[in-house]
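Next comes my_file_11.csv, a file with CSV, C-alpha atoms and all ligand atoms.
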```csv
chain,number,residue,atom,x,y,z
A,1,MET,CA,11.6,-26.8,6.9
A,2,SER,CA,9.8,-24.5,4.5
A,3,THR,CA,7.2,-26.2,2.5
A,4,ALA,CA,5.1,-23.2,1.5
A,5,GLU,CA,5.4,-21.5,-1.9
A,6,ILE,CA,7.2,-18.2,-1.5
A,7,ILE,CA,5.2,-15.4,-3.0
A,8,ASP,CA,7.8,-13.3,-4.8
A,9,GLY,CA,6.5,-9.7,-4.5
A,10,LYS,CA,9.7,-8.3,-5.9
A,11,ALA,CA,9.3,-10.2,-9.2
A,12,PHE,CA,5.6,-9.4,-9.3
A,13,ALA,CA,6.3,-5.7,-8.8
A,14,GLU,CA,8.9,-5.8,-11.6
A,15,GLY,CA,6.3,-7.3,-14.0
A,16,LEU,CA,3.7,-4.6,-12.9
A,17,ARG,CA,6.2,-1.8,-13.5
A,18,ALA,CA,7.0,-3.2,-17.0
A,19,ARG,CA,3.3,-3.1,-17.8
A,20,ILE,CA,3.0,0.4,-16.4
A,21,ALA,CA,6.0,1.6,-18.5
A,22,GLU,CA,4.3,0.2,-21.7
A,23,MET,CA,1.0,1.9,-20.9
A,24,ALA,CA,2.7,5.1,-19.8
A,25,ALA,CA,4.3,5.3,-23.2
A,26,SER,CA,0.9,4.8,-24.9
A,27,PHE,CA,-0.6,7.4,-22.6
A,28,GLU,CA,2.1,9.9,-23.7
A,29,GLN,CA,1.3,9.3,-27.3
A,30,ALA,CA,-2.4,9.7,-26.8
A,31,ALA,CA,-2.4,12.7,-24.4
A,32,GLY,CA,0.6,14.5,-25.8
A,33,ARG,CA,2.2,14.7,-22.3
A,34,LYS,CA,3.6,12.4,-19.7
A,35,ALA,CA,1.6,11.2,-16.7
A,36,GLY,CA,2.7,13.2,-13.7
A,37,LEU,CA,3.1,12.2,-10.0
A,38,ALA,CA,3.9,14.9,-7.4
A,39,VAL,CA,5.4,13.9,-4.0
A,40,VAL,CA,5.6,16.3,-1.2
A,41,LEU,CA,8.0,15.7,1.7
A,42,VAL,CA,7.9,17.9,4.8
A,43,GLY,CA,11.0,17.6,7.0
A,44,ALA,CA,14.0,15.3,6.8
A,45,ASP,CA,12.8,12.0,8.3
A,46,PRO,CA,15.5,9.6,6.9
A,47,ALA,CA,13.0,6.7,6.2
A,48,SER,CA,10.6,9.1,4.4
A,49,GLU,CA,13.6,10.5,2.4
A,50,VAL,CA,14.5,7.0,1.2
A,51,TYR,CA,10.9,6.3,0.2
A,52,VAL,CA,10.5,9.6,-1.6
A,53,ARG,CA,13.8,9.1,-3.5
A,54,SER,CA,12.8,5.6,-4.5
A,55,LYS,CA,9.3,6.8,-5.6
A,56,GLY,CA,10.9,9.5,-7.8
A,57,LYS,CA,13.4,7.1,-9.4
A,58,GLN,CA,10.7,4.5,-10.2
A,59,THR,CA,8.3,7.1,-11.5
A,60,VAL,CA,10.9,8.3,-14.0
A,61,ALA,CA,12.0,4.7,-14.9
A,62,CYS,CA,8.4,4.0,-15.8
A,63,GLY,CA,8.3,6.9,-18.3
A,64,MET,CA,6.3,9.2,-16.1
A,65,GLU,CA,7.0,12.8,-14.8
A,66,SER,CA,8.1,13.1,-11.2
A,67,PHE,CA,7.6,16.4,-9.4
A,68,GLU,CA,9.3,16.4,-6.0
A,69,TYR,CA,8.9,19.1,-3.4
A,70,LYS,CA,11.0,19.1,-0.2
A,71,LEU,CA,9.7,21.5,2.4
A,72,PRO,CA,11.4,22.4,5.7
A,73,ALA,CA,10.1,20.7,8.9
A,74,ASP,CA,8.8,24.0,10.2
A,75,THR,CA,6.5,24.6,7.1
A,76,SER,CA,3.2,26.1,8.2
A,77,GLU,CA,0.0,24.4,7.6
A,78,ALA,CA,-1.2,27.3,5.5
A,79,ASP,CA,1.8,27.0,3.2
A,80,LEU,CA,1.4,23.2,2.9
A,81,LEU,CA,-2.3,23.6,2.1
A,82,ALA,CA,-1.4,26.3,-0.5
A,83,MET,CA,1.0,23.9,-2.1
A,84,VAL,CA,-1.6,21.1,-2.3
A,85,GLU,CA,-4.1,23.5,-3.8
A,86,GLN,CA,-1.5,24.6,-6.4
A,87,LEU,CA,-0.9,20.9,-7.3
A,88,ASN,CA,-4.7,20.3,-7.4
A,89,ALA,CA,-4.9,23.0,-10.1
A,90,ASP,CA,-1.8,21.9,-12.1
A,91,PRO,CA,-2.9,20.0,-15.2
A,92,ALA,CA,0.5,18.4,-15.5
A,93,VAL,CA,0.0,16.7,-12.1
A,94,ASP,CA,-2.2,13.6,-12.1
A,95,GLY,CA,-1.4,12.2,-8.7
A,96,ILE,CA,-0.5,13.9,-5.5
A,97,LEU,CA,1.1,12.2,-2.5
A,98,VAL,CA,2.0,14.0,0.7
A,99,GLN,CA,4.5,11.7,2.4
A,100,LEU,CA,3.3,10.6,5.9
A,101,PRO,CA,3.9,10.9,8.8
A,102,LEU,CA,3.9,14.7,8.8
A,103,PRO,CA,5.6,16.8,11.6
A,104,GLY,CA,3.3,17.0,14.6
A,105,HIS,CA,2.1,20.6,14.1
A,106,LEU,CA,0.5,19.7,10.8
A,107,ASP,CA,-3.0,18.2,10.7
A,108,GLU,CA,-2.7,15.1,8.4
A,109,GLN,CA,-6.4,14.7,8.0
A,110,LYS,CA,-6.8,18.4,6.9
A,111,ILE,CA,-4.0,17.9,4.3
A,112,ILE,CA,-5.6,14.7,3.0
A,113,SER,CA,-9.0,16.3,2.8
A,114,THR,CA,-7.6,19.2,0.8
A,115,THR,CA,-6.2,16.9,-1.9
A,116,ASN,CA,-8.4,16.6,-5.0
A,117,PRO,CA,-9.9,13.0,-4.6
A,118,ASP,CA,-9.3,12.4,-8.3
A,119,LYS,CA,-5.6,13.0,-7.7
A,120,ASP,CA,-5.5,11.2,-4.3
A,121,VAL,CA,-3.4,8.3,-5.5
A,122,ASP,CA,-2.9,7.1,-1.9
A,123,GLY,CA,-6.6,6.6,-1.6
A,124,PHE,CA,-6.8,8.2,1.9
A,125,HIS,CA,-9.3,10.9,1.1
A,126,VAL,CA,-12.7,10.2,2.7
A,127,THR,CA,-14.3,10.3,-0.7
A,128,ASN,CA,-12.1,7.5,-1.9
A,129,VAL,CA,-12.7,5.6,1.4
A,130,GLY,CA,-16.4,5.9,0.7
A,131,ARG,CA,-16.0,4.9,-3.0
A,132,LEU,CA,-14.2,1.8,-1.9
A,133,SER,CA,-16.8,0.8,0.6
A,134,THR,CA,-19.7,1.4,-1.8
A,135,GLY,CA,-17.9,-0.3,-4.8
A,136,LEU,CA,-17.5,2.9,-6.8
A,137,PRO,CA,-14.4,3.5,-8.9
A,138,GLY,CA,-11.9,5.6,-7.0
A,139,PHE,CA,-8.4,5.1,-5.6
A,140,VAL,CA,-7.5,2.3,-3.3
A,141,PRO,CA,-4.6,2.5,-0.8
A,142,CYS,CA,-1.5,1.1,-2.4
A,143,THR,CA,-0.4,-1.5,0.1
A,144,PRO,CA,-3.7,-3.4,0.4
A,145,LEU,CA,-4.3,-3.2,-3.3
A,146,GLY,CA,-0.8,-4.8,-3.8
A,147,CYS,CA,-1.8,-7.6,-1.4
A,148,ILE,CA,-4.9,-8.3,-3.4
A,149,MET,CA,-2.9,-8.5,-6.6
A,150,LEU,CA,-0.6,-11.0,-5.0
A,151,LEU,CA,-3.6,-13.0,-3.7
A,152,ARG,CA,-5.4,-13.0,-7.0
A,153,ASP,CA,-2.2,-14.1,-8.8
A,154,ARG,CA,-1.7,-17.0,-6.4
A,155,LEU,CA,-5.3,-18.1,-5.8
A,156,GLY,CA,-7.3,-16.9,-8.8
A,157,SER,CA,-10.8,-16.5,-7.4
A,158,LEU,CA,-11.0,-15.6,-3.7
A,159,SER,CA,-14.7,-16.1,-3.6
A,160,GLY,CA,-16.0,-17.9,-0.5
A,161,LEU,CA,-12.7,-18.1,1.3
A,162,GLU,CA,-12.3,-17.2,5.0
A,163,ALA,CA,-10.0,-14.2,5.3
A,164,VAL,CA,-8.7,-12.8,8.6
A,165,VAL,CA,-7.0,-9.4,8.6
A,166,ILE,CA,-5.0,-8.6,11.7
A,167,GLY,CA,-5.0,-4.8,12.1
A,168,ARG,CA,-7.6,-2.1,11.6
A,169,SER,CA,-5.6,0.9,10.5
A,170,ASN,CA,-7.1,3.3,7.8
A,171,ILE,CA,-4.0,2.7,5.7
A,172,VAL,CA,-3.8,-1.1,5.6
A,173,GLY,CA,-6.3,-3.1,7.8
A,174,LYS,CA,-9.6,-1.5,7.0
A,175,PRO,CA,-9.1,-1.1,3.2
A,176,MET,CA,-7.7,-4.6,3.0
A,177,ALA,CA,-10.9,-6.0,4.6
A,178,GLN,CA,-13.0,-4.0,2.2
A,179,LEU,CA,-11.1,-5.3,-0.8
A,180,LEU,CA,-11.4,-8.9,0.5
A,181,LEU,CA,-15.1,-8.4,1.0
A,182,ALA,CA,-15.3,-7.1,-2.6
A,183,GLU,CA,-13.7,-10.4,-3.7
A,184,SER,CA,-16.5,-12.2,-1.8
A,185,CYS,CA,-14.4,-13.5,1.0
A,186,THR,CA,-15.9,-14.0,4.5
A,187,VAL,CA,-13.9,-11.4,6.3
A,188,THR,CA,-12.9,-11.0,10.0
A,189,ILE,CA,-11.0,-8.0,11.2
A,190,ALA,CA,-8.9,-8.8,14.3
A,191,HIS,CA,-7.1,-6.1,16.4
A,192,SER,CA,-5.6,-5.6,19.8
A,193,ARG,CA,-8.8,-6.3,21.7
A,194,THR,CA,-9.7,-9.5,19.8
A,195,LYS,CA,-10.2,-12.5,22.1
A,196,ASP,CA,-8.5,-15.7,21.1
A,197,LEU,CA,-6.6,-14.3,18.2
A,198,GLU,CA,-4.9,-17.6,17.6
A,199,GLY,CA,-8.3,-19.3,17.3
A,200,VAL,CA,-9.6,-16.6,14.9
A,201,VAL,CA,-6.4,-16.9,12.7
A,202,ARG,CA,-6.6,-20.7,12.7
A,203,ARG,CA,-9.8,-20.7,10.7
A,204,ALA,CA,-8.5,-18.5,7.9
A,205,ASP,CA,-7.7,-19.6,4.3
A,206,ILE,CA,-6.1,-16.2,3.9
A,207,VAL,CA,-4.3,-14.4,6.7
A,208,VAL,CA,-3.2,-10.8,6.2
A,209,ALA,CA,-1.0,-9.5,9.1
A,210,ALA,CA,-0.7,-5.7,9.4
A,211,VAL,CA,0.1,-5.3,13.1
A,212,GLY,CA,3.6,-3.8,13.5
A,213,ARG,CA,4.7,-6.5,16.0
A,214,PRO,CA,7.8,-8.5,15.0
A,215,GLU,CA,7.1,-12.2,14.3
A,216,MET,CA,3.9,-12.2,16.4
A,217,VAL,CA,1.9,-14.7,14.3
A,218,LYS,CA,3.2,-18.2,14.8
A,219,GLY,CA,3.1,-21.2,12.5
A,220,SER,CA,0.9,-23.0,15.1
A,221,TRP,CA,-1.8,-20.4,14.5
A,222,ILE,CA,-1.9,-21.1,10.7
A,223,LYS,CA,-4.4,-23.5,9.1
A,224,PRO,CA,-2.4,-25.9,7.0
A,225,GLY,CA,-2.3,-24.8,3.4
A,226,ALA,CA,-3.4,-21.2,4.1
A,227,THR,CA,-2.1,-18.2,2.2
A,228,VAL,CA,-0.2,-15.8,4.4
A,229,ILE,CA,0.4,-12.2,3.5
A,230,ASP,CA,2.8,-10.4,5.8
A,231,VAL,CA,2.5,-6.6,5.6
A,232,GLY,CA,4.6,-5.9,8.7
A,233,ILE,CA,8.0,-4.2,8.4
A,234,ASN,CA,9.9,-4.3,11.7
A,235,ARG,CA,13.5,-3.6,12.3
A,236,ILE,CA,15.0,-5.8,15.0
A,237,GLU,CA,18.4,-6.6,16.2
A,238,GLY,CA,19.9,-9.6,14.4
A,239,ALA,CA,23.2,-11.5,14.7
A,240,GLU,CA,26.3,-9.6,15.7
A,241,GLY,CA,24.3,-6.5,16.7
A,242,LYS,CA,23.2,-5.9,13.1
A,243,THR,CA,19.6,-4.9,12.5
A,244,LYS,CA,17.4,-6.9,10.2
A,245,LEU,CA,13.9,-6.6,8.8
A,246,VAL,CA,11.2,-9.0,9.8
A,247,GLY,CA,7.5,-9.2,9.3
A,248,ASP,CA,4.6,-9.6,11.7
A,249,VAL,CA,4.6,-13.4,11.0
A,250,ASP,CA,7.2,-15.8,12.3
A,251,PHE,CA,8.3,-16.8,8.8
A,252,ALA,CA,10.2,-20.0,9.7
A,253,SER,CA,7.4,-21.7,11.6
A,254,ALA,CA,4.6,-20.3,9.3
A,255,ALA,CA,6.3,-21.4,6.1
A,256,SER,CA,6.3,-25.0,7.3
A,257,VAL,CA,2.4,-24.9,7.6
A,258,ALA,CA,1.2,-22.4,5.1
A,259,GLY,CA,0.5,-23.2,1.4
A,260,ALA,CA,2.0,-19.9,0.4
A,261,ILE,CA,3.6,-17.0,2.2
A,262,THR,CA,5.1,-13.6,1.4
A,263,PRO,CA,8.7,-13.1,2.8
A,264,VAL,CA,9.9,-9.9,4.5
A,265,PRO,CA,11.7,-8.3,2.8
A,266,GLY,CA,10.7,-9.1,-0.8
A,267,GLY,CA,7.0,-9.7,-0.4
A,268,VAL,CA,4.4,-6.9,0.1
A,269,GLY,CA,7.0,-4.1,0.5
A,270,PRO,CA,8.1,-3.8,-3.2
A,271,MET,CA,4.4,-3.8,-4.3
A,272,THR,CA,3.5,-0.6,-2.6
A,273,ILE,CA,5.5,1.8,-4.8
A,274,ALA,CA,4.6,-0.2,-8.0
A,275,VAL,CA,0.9,0.2,-7.1
A,276,LEU,CA,1.4,3.9,-6.4
A,277,LEU,CA,2.7,4.2,-10.0
A,278,ARG,CA,-0.3,2.2,-11.2
A,279,ASN,CA,-2.7,4.5,-9.4
A,280,ALA,CA,-0.9,7.6,-10.8
A,281,LEU,CA,-1.2,6.2,-14.4
A,282,VAL,CA,-4.9,5.4,-13.8
A,283,ALA,CA,-5.4,9.0,-12.6
A,284,ALA,CA,-3.7,10.3,-15.7
A,285,HIS,CA,-6.0,8.4,-18.0
A,286,ARG,CA,-9.1,9.5,-16.1
A,287,ASN,CA,-8.0,13.1,-15.9
A,288,ALA,CA,-7.0,13.3,-19.6
A,289,GLY,CA,-10.1,11.3,-20.7
A,290,VAL,CA,-7.9,8.6,-22.3
A,291,ALA,CA,-9.4,5.1,-22.3
A,292,LEU,CA,-7.6,2.4,-20.2
A,293,ASP,CA,-8.5,-1.2,-19.4
A,294,GLU,CA,-7.8,-0.6,-15.6
A,295,ALA,CA,-8.2,-4.3,-14.8
A,296,SER,CA,-5.2,-5.1,-17.0
A,297,LEU,CA,-2.9,-3.2,-14.7
B,301,LIG,P1,-1.0,0.7,12.9
B,301,LIG,O1,-0.1,0.8,14.1
B,301,LIG,O2,-1.7,1.9,12.4
B,301,LIG,O3,-2.1,-0.5,13.2
B,301,LIG,C1,-1.7,-1.6,13.8
B,301,LIG,C2,-2.9,-2.5,14.1
B,301,LIG,O4,-2.5,-3.7,14.7
B,301,LIG,C3,-4.0,-1.8,15.0
B,301,LIG,O5,-5.2,-2.0,14.4
B,301,LIG,C4,-3.8,-2.6,16.3
B,301,LIG,O6,-5.0,-2.8,17.0
B,301,LIG,C5,-3.3,-4.0,15.8
B,301,LIG,N1,-2.6,-4.6,16.9
B,301,LIG,C6,-1.6,-4.1,17.6
B,301,LIG,N2,-1.2,-5.1,18.5
B,301,LIG,C7,-1.9,-6.1,18.3
B,301,LIG,C8,-2.0,-7.4,18.9
B,301,LIG,N3,-1.1,-7.8,19.9
B,301,LIG,N4,-2.9,-8.3,18.5
B,301,LIG,C9,-3.7,-8.0,17.5
B,301,LIG,N5,-3.7,-6.8,16.9
B,301,LIG,C10,-2.8,-5.9,17.3
B,301,LIG,O7,-0.1,0.0,11.8
B,301,LIG,P2,-0.2,0.1,10.2
B,301,LIG,O8,-1.5,-0.6,9.8
B,301,LIG,O9,0.1,1.4,9.6
B,301,LIG,O10,1.0,-0.9,9.8
B,301,LIG,C11,1.1,-2.3,10.2
B,301,LIG,C12,2.4,-2.9,9.8
B,301,LIG,O11,2.5,-2.8,8.4
B,301,LIG,C13,3.6,-2.1,10.3
B,301,LIG,O12,4.6,-3.1,10.6
B,301,LIG,C14,4.0,-1.2,9.2
B,301,LIG,O13,5.4,-0.9,9.2
B,301,LIG,C15,3.7,-2.1,8.0
B,301,LIG,N6,3.4,-1.4,6.8
B,301,LIG,C16,4.0,-1.9,5.6
B,301,LIG,C17,3.8,-1.3,4.4
B,301,LIG,C18,4.4,-1.9,3.2
B,301,LIG,O14,4.6,-1.2,2.2
B,301,LIG,N7,4.7,-3.1,3.2
B,301,LIG,C19,2.9,-0.1,4.3
B,301,LIG,C20,2.2,0.3,5.5
B,301,LIG,C21,2.5,-0.4,6.7
B,301,LIG,P3,-5.8,-1.5,17.7
B,301,LIG,O15,-6.5,-0.8,16.5
B,301,LIG,O16,-6.8,-2.2,18.6
B,301,LIG,O17,-4.8,-0.7,18.4
```

In structure tokens, how does this file's structure come out?
Amino acid sequence: MSTAEIIDGKAFAEGLRARIAEMAASFEQAAGRKAGLAVVLVGADPASEVYVRSKGKQTVACGMESFEYKLPADTSEADLLAMVEQLNADPAVDGILVQLPLPGHLDEQKIISTTNPDKDVDGFHVTNVGRLSTGLPGFVPCTPLGCIMLLRDRLGSLSGLEAVVIGRSNIVGKPMAQLLLAESCTVTIAHSRTKDLEGVVRRADIVVAAVGRPEMVKGSWIKPGATVIDVGINRIEGAEGKTKLVGDVDFASAASVAGAITPVPGGVGPMTIAVLLRNALVAAHRNAGVALDEASL
């Protein structure tokens, strides 16, 4: 039986997009142009195509300009770098996102490093990683920032809470841990070499699972009343041979112990694009020198 409060990321993301739309309209009035987000897709990975289409639609729906570039899978690194440089120099473009993963012949780190850090709305540039870890204003990766927004909304102050992040990727785990530290949590980062993962998770008031292993975290690992944020998106075979999406947390058992939990789908997933739009709008204000109360977004 589920006793946990279900954290509705879909509804939260809708509210965030509504605030973004309002502020995008004020930005247009103040700056005399729309905020602009450029998304570059190399190749025809079906999942990436879906993401890019969805990003474009939501960008326009929020009253921002969407620039989409679809390049063939065999695009050379020199051509892709030239495109990034061109977007860096384009004053109509406030945010640049090169959809990952890139085809194997392209060096992702080189592409990210070439992006102007002040247009790096994914927050992957080493300058933004450094800014996050030193507490300077920059751009924070969208998924972990979305998780923090959900946590703040549910818990208010996170100060002093024990937080365990499972996963140490540059995209989710590490920035998530930095953000929790900035909220004054006591943070543990667990990974594939962690001994007694269950025991580590059991002491957490906040569990963030970003592993990529379907339903790995069981309800018996969760401290009663803890808040569980499930970042995982795993496609598994469900009933009658149909595939279904599940998280890294065994939702049924965890929901009977946790105080609150994000479902998959409908939890963290919808937050990612909404936060991307938020970052693009913040970039627009900073680039155009228009004031914005960033904390209100
Ligand atoms: P990565 O594969 O880059 O990282 C996975 C992490 O999990 C690694 O640090 C790895 O440890 C750790 N790990 C793997 N197996 C275990 C285990 N048995 N016990 C403990 N730790 C383990 O994945 P990402 O961070 O990119 O993504 C994680 C999940 O989040 C995926 O399901 C992905 O689809 C999802 N995701 C969802 C997003 C959203 O919008 N909701 C956005 C981004 C990702 P080690 O470092 O030791 O190998």

Can you write out as CSV which residues of chain A fall within 8 Å of ligand LIG 301 (chain B), alongside each residue's closest atom pair and its distance in Å to one decimal, counting only C-alpha atoms and all ligand atoms and ordering rows by chain and ascending residue number?
```
residue,atom,partner,partner_atom,distance
A:Cys142,CA,B:LIG301,O14,8.0
A:Thr143,CA,B:LIG301,O14,5.4
A:Ile166,CA,B:LIG301,N5,5.7
A:Gly167,CA,B:LIG301,O5,3.6
A:Arg168,CA,B:LIG301,O5,3.7
A:Ser169,CA,B:LIG301,O8,4.4
A:Asn170,CA,B:LIG301,O8,7.1
A:Ile171,CA,B:LIG301,O9,5.8
A:Val172,CA,B:LIG301,O8,4.8
A:Gly173,CA,B:LIG301,O8,5.8
A:Ala190,CA,B:LIG301,N5,6.1
A:His191,CA,B:LIG301,N5,3.5
A:Ser192,CA,B:LIG301,N5,3.7
A:Arg193,CA,B:LIG301,O16,5.5
A:Thr194,CA,B:LIG301,C9,6.6
A:Leu197,CA,B:LIG301,C9,7.0
A:Ala209,CA,B:LIG301,C12,7.5
A:Ala210,CA,B:LIG301,C11,3.9
A:Val211,CA,B:LIG301,O4,3.4
A:Gly212,CA,B:LIG301,O12,3.1
A:Arg213,CA,B:LIG301,O12,6.4
A:Pro214,CA,B:LIG301,O12,7.7
A:Met216,CA,B:LIG301,N3,7.5
A:Asp230,CA,B:LIG301,N7,8.0
A:Val231,CA,B:LIG301,O11,4.7
A:Gly232,CA,B:LIG301,O12,3.4
A:Ile233,CA,B:LIG301,O12,4.2
A:Asn234,CA,B:LIG301,O12,5.5
A:Gly247,CA,B:LIG301,O12,6.9
A:Asp248,CA,B:LIG301,O12,6.6
A:Gly267,CA,B:LIG301,N7,7.9
A:Val268,CA,B:LIG301,N7,4.9
A:Gly269,CA,B:LIG301,N7,3.7
A:Pro270,CA,B:LIG301,O14,6.9
A:Met271,CA,B:LIG301,O14,7.0
A:Thr272,CA,B:LIG301,O14,5.0
A:Ile273,CA,B:LIG301,O14,7.7
```

- Task: Tell me which protein, DNA and RNA residues are within 6 Å of stretch 113-121 of chain A, counting all atoms listed in the file, leaving out same-chain ones fewer than 4 positions away, and put them as number ranges by chain.
- Result: A: 88, 94-96, 125, 139, 279-280

- Query: So, counting all atoms listed in the file, which residue among A:Ala291, A:Ala25, A:Val39, A:Met149 is closest to A:Phe12?
  - Reply: A:Met149

- Using all atoms listed in the file, find the one residue out of A:Pro101, A:Pro137, A:Pro175, A:Gly259 that sits nearest to A:Val207.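 Closest to A:Val207 of all the choices is A:Gly259.
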
- Task: May I have the residues within 12 Å of A:Val60 as a list in words, using all atoms listed in the file and disregarding those fewer than 4 positions away in the same chain?
- Result: Arg17, Ile20, Ala21, Ala24, Ala25, Lys34, Ala35, Gly36, Leu37, Ala38, Arg53, Ser54, Lys55, Gly56, Met64, Glu65, Ser66, Phe67, Glu68 and Leu277 of chain A

Go ahead and save the picked residues with C-alpha atoms, as a PDB file, in the frame of the given file.
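Result written to again12.pdb:
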```
ATOM      1  CA  ARG A  17       6.200  -1.800 -13.500  1.00  0.00           C
ATOM      2  CA  ILE A  20       3.000   0.400 -16.400  1.00  0.00           C
ATOM      3  CA  ALA A  21       6.000   1.600 -18.500  1.00  0.00           C
ATOM      4  CA  ALA A  24       2.700   5.100 -19.800  1.00  0.00           C
ATOM      5  CA  ALA A  25       4.300   5.300 -23.200  1.00  0.00           C
ATOM      6  CA  LYS A  34       3.600  12.400 -19.700  1.00  0.00           C
ATOM      7  CA  ALA A  35       1.600  11.200 -16.700  1.00  0.00           C
ATOM      8  CA  GLY A  36       2.700  13.200 -13.700  1.00  0.00           C
ATOM      9  CA  LEU A  37       3.100  12.200 -10.000  1.00  0.00           C
ATOM     10  CA  ALA A  38       3.900  14.900  -7.400  1.00  0.00           C
ATOM     11  CA  ARG A  53      13.800   9.100  -3.500  1.00  0.00           C
ATOM     12  CA  SER A  54      12.800   5.600  -4.500  1.00  0.00           C
ATOM     13  CA  LYS A  55       9.300   6.800  -5.600  1.00  0.00           C
ATOM     14  CA  GLY A  56      10.900   9.500  -7.800  1.00  0.00           C
ATOM     15  CA  MET A  64       6.300   9.200 -16.100  1.00  0.00           C
ATOM     16  CA  GLU A  65       7.000  12.800 -14.800  1.00  0.00           C
ATOM     17  CA  SER A  66       8.100  13.100 -11.200  1.00  0.00           C
ATOM     18  CA  PHE A  67       7.600  16.400  -9.400  1.00  0.00           C
ATOM     19  CA  GLU A  68       9.300  16.400  -6.000  1.00  0.00           C
ATOM     20  CA  LEU A 277       2.700   4.200 -10.000  1.00  0.00           C
TER      21      LEU A 277
END
```
